[in-house]
Amino acid sequence: MPIAHTKDNLKLNDYLTERRKFLKIRFGDLVTKTGIPAKHLKKIEKGEWCDLPSGVYVKGFLKKYAQVVGLDENELALRYENEWQQICYVDLPKQGNKTLDKINFLKQFSFRWIVLGFVCASVLFYVGWQFKVILEKPDLNLNYPIESDTIVDNPKIEFRGRVSEDSVLTINNEIVLAAEDGSFTKEVELLNGINTFEIKAVSRFGKETKTTKRVTYNP
């Protein structure tokens with residue numbers, strides 16, 4: 001049965017996988033055509049949404065996927081948001097209930113106060129670490145160009161550097177995919193005269209680090 005006739009009965013990951021198989025596109029070919037890292041593509045086709053980078057990154061992946069298999073990228077983004085809310089958003093409350101049950105059980109033992117103190121200390125450490133992660137800005141190290149103002153005689157320039165893992169990198173609002181270790185390269189065409197570029201890294205919690213570079217092209 002054609003994929004278009006079954007999409008409403010499938011989860012998003014199954015819908016995507018069935019569509020790819022229906023078009024007889026091999027997984028390896030999809031990696032090449034989309035530029036999506038294989039480890040992320042496997043998680044997308046398994047529906048492991050909670051283990052993927054931030055939503056902005058995933059939507060970028062889904063957009064590339066949609067373009068290759070001929071699907072509506074807006075529909076995929078909406079379905080992703082709905083499934084993420086259903087699957088990932090409820091994980092924290094469930095974990096909280098398990099922790100509470102564990103504490104209540106340990107209170108029955110004679111050493112309950114020692115255990116309770118240890119648990120409280122662990123929770124405080126975890127909360128403090130989480131606040132640090134949430135409030136911390138992502139790293140953005142640009143290896144080239146280094147200077148704020150650069151003059152070149154080549155019509156193209158290659159940006160090179162490294163960003164924090166799981167952060168979203170953009171150059172003038174265009175997403176740039178980084179390698180697994182955070183390194184990236186991006187070649188950009190220049191116009192005659194002064195070209196201004198805003199390089200920005202955004203964490204999954206919305207914190208951002210950005211820098212501006214001006215590149216003057218004199219043929």
# chains A, B, ... in the order shown; residues from 1 in each chain; ligands from 1
call {"tool": "residues_around", "arguments": {"residues": "range 146-149 of chain A", "least_positions_apart": "3", "cutoff": "8 Å", "atoms": "only C-alpha atoms", "output": "NGL selection string"}}
result
:A and (142-143 or 212-216)
call {"tool": "residues_around", "arguments": {"residues": "range 153-170 of chain A", "least_positions_apart": "2", "cutoff": "7 Å", "atoms": "only C-alpha atoms", "output": "ChimeraX atom specification"}}
result
/A:53-54,57,138-145,172-176,181-190,199-204,217-219
call {"tool": "atom_distance", "arguments": {"atom1": "CA of Gln86 in chain A", "atom2": "CA of Val31 in chain A"}}
result
27.4 Å
call {"tool": "select_by_dssp", "arguments": {"residues": "chain A", "states": "helix (DSSP H, G or I)", "output": "PyMOL selection string"}}
result
chain A and resi 3-5+7-9+12-22+27-34+38-46+49-51+55-69+73-87+91-106+112-135
call {"tool": "closest_residue", "arguments": {"among": "A:Glu75, A:Glu208, A:Glu180, A:Glu136", "to": "Lys39 in chain A", "atoms": "only C-alpha atoms"}}
result
A:Glu180
call {"tool": "closest_residue", "arguments": {"among": "A:Gly28, A:Ala38, A:Leu71, A:Ile44", "to": "Val58 in chain A", "atoms": "only C-alpha atoms"}}
result
A:Ile44
call {"tool": "atom_distance", "arguments": {"atom1": "CA of Glu83 in chain A", "atom2": "CA of Gly47 in chain A"}}
result
9.1 Å
